[in-house]
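One structure below.
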Amino acid sequence: MTTALISHDDCLDHVTPPGHPEQVARLDAVLGALEGYDLVRVKAPLAAEDDLLRAHPKAHVDAIRAAAPSEGWRSLDADTHMSVGTLQAAYRAAGGVVRAVDMVMGGEVANAFAAVRPPGHHAERETAMGFCFFGNVAIGAKHALDHHGLDRVAIVDFDVHHGNGTQDLVEDDARILFCSTHQSPLYPGTGAAHETGVGNVLNVPLPGGTGSKAFRDVMERVVLPRVDKFAPQLLLISAGFDAHEADPLAGMNLTTEDFGWVTERLCDLAARHCDGRVVSSLEGGYDLEALGASAAAHVKVLEERGR
């Protein structure tokens with residue numbers, strides 16, 4: 001058993017306008033930081049249509065496909081832009097998470113990290129937003145339930161921004177537990193504690209300036225016990241690293257070591273309930289040095305646990 005790293009060169013062809021924080025260099029930084037790791041390296045397939053349709057209506061998938069430009073950029077909103085390579089990259093990103101689920105559930109690897117872009121946790125049922133087009137992790141969760149016959153899948157999202165898209169895609173499905181820690185107030189303005197879905201959503205908004213001690217405390221007191229009680233058969237992670245103290249888009253003060261620590265704690269729960277089955281997917285993180293170091297700390301734990 002080992003750890004899979006799932007990515008694809010097509011994810012580098014999603015080119016955003018100059019100065020945009022969700023840039024090609026992000027994935028280069030992550031892959032560069034993982035070069036020396038002992039991982040099973042797998043090319044992300046294109047997502048199957050039925051997997052996309054588990055999370056999004058056909059009208060949304062058709063609209064994203066129709067919006068793809070033949071040259072230059074097309075802006076879906078002030079933050080979310082499509083280049084010639086974006087559609088293919090978005091299909092690879094969603095397909096990469098599904099492939100990760102299949103590999104982990106099939107016993108090919110112990111756990112997996114999908115180093116893909118564009119990210120997914122802001123993509124709502126019918127709205128691309130926040131740099132995101134399809135709900136990659138939610139798609140992976142629904143695939144696990146429907147294709148692998150699971151009853152309970154948990155998603156933990158520690159990106160600094162609330163995963164409004166993931167919440168929108170799963171909040172009516174009691175088979176999926178969604179837990180999010182995020183800075184508030186901050187984009188996209190959702191994720192209040194009273195947003196609980198059908199009892200399957202746990203939002204833990206944190207004030208700007210939150211550092212290691214407070215983050216670890218809320219994880220240990222609130223988030224981890226909720227996941228433990230749910231006893232998932234598969235654990236998915238929306239791995240955003242923009243709560244790092246160096247990140248330019250937010251104001252939390254986590255360190256690289258905090259991302260290794262939270263990965264350890266989540267792997268402990270996975271070992272207890274689901275034979276260590278963890279699938280993680282890249283979300284945010286916009287300081288390139290901090291992003292690379294934090295992703296490396298995260299994957300180092302997965303690699304160690306996957307041996």
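Identifiers for the structure tokens are assigned positionally: chains receive A, B, ... in sequence, residues are indexed from 1 per chain, and ligands are indexed from 1 in the order shown.
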
Task: Shell of 10 Å around Glu108 of chain A, only C-alpha atoms, local chain residues under 4 positions omitted, as a list of chain:residue names - done: A:Met1, A:Thr2, A:Thr3, A:Ala4, A:Val40, A:Ala100, A:Asp102, A:Met103, A:Val104

TODO: Run DSSP on the backbone and give me the residues of segment 234-300 of chain A it puts in helix (DSSP H, G or I), as an MDAnalysis selection string.
DONE: chainID A and resid 256:273 288:300

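Put simply, atom CA of Val198 of chain A is 16.7 Å away from atom CA of Gly163 of chain A.
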
- [ ] Could you check which of A:Leu34, A:Ala90, A:Leu266, A:Ile155 is closest to Ala297 of chain A, using only C-alpha atoms?
- [x]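 Among the listed residues, the smallest separation from Ala297 of chain A belongs to A:Leu34.
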
Test item: residues at most 6 Å from Phe259 of chain A, only C-alpha atoms, excluding those fewer than 3 positions along its chain, as a compact mmCIF listing (two decimals) with N, CA and C atoms, in the first residue's frame:
```
# COMPACT_ATOMS: atom_id res chain seq x y z
N THR A 256 2.94 26.11 8.41
CA THR A 256 3.08 24.88 7.63
C THR A 256 2.86 23.66 8.51
N VAL A 262 -3.03 18.70 11.27
CA VAL A 262 -4.44 18.39 11.02
C VAL A 262 -4.56 17.16 10.12
N HIS A 298 1.46 18.15 4.13
CA HIS A 298 0.21 17.38 4.06
C HIS A 298 0.45 16.01 3.44
```

Task: Shell of 10 Å around Arg54 of chain A, only C-alpha atoms, local chain residues under 5 positions omitted, as a ChimeraX atom specification - done: /A:49,138-143,146,169

Residues near Phe178 of chain A, anyone? I mean within 9 Å using only C-alpha atoms, not counting same-chain ones fewer than 6 positions away, as a PDB file with C-alpha atoms, in the first residue's frame.
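Result file is part-v6.pdb:
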```pdb
ATOM      1  CA  VAL A 153     -18.700   9.748   3.494  1.00  0.00           C
ATOM      2  CA  ALA A 154     -17.196  12.712   5.339  1.00  0.00           C
ATOM      3  CA  ILE A 155     -15.667  15.834   3.798  1.00  0.00           C
ATOM      4  CA  VAL A 156     -13.405  18.081   5.875  1.00  0.00           C
ATOM      5  CA  ASP A 157     -12.566  21.453   4.310  1.00  0.00           C
ATOM      6  CA  THR A 166     -19.579  21.813  -1.605  1.00  0.00           C
ATOM      7  CA  GLN A 167     -22.198  22.736   0.977  1.00  0.00           C
ATOM      8  CA  VAL A 170     -24.309  17.977  -0.308  1.00  0.00           C
ATOM      9  CA  GLU A 171     -26.456  19.760   2.265  1.00  0.00           C
ATOM     10  CA  ASN A 200     -25.066  16.981   8.041  1.00  0.00           C
ATOM     11  CA  VAL A 201     -23.253  20.332   7.824  1.00  0.00           C
ATOM     12  CA  LEU A 202     -20.876  21.695  10.472  1.00  0.00           C
ATOM     13  CA  ASN A 203     -19.557  25.201   9.880  1.00  0.00           C
TER      14      ASN A 203
END
```
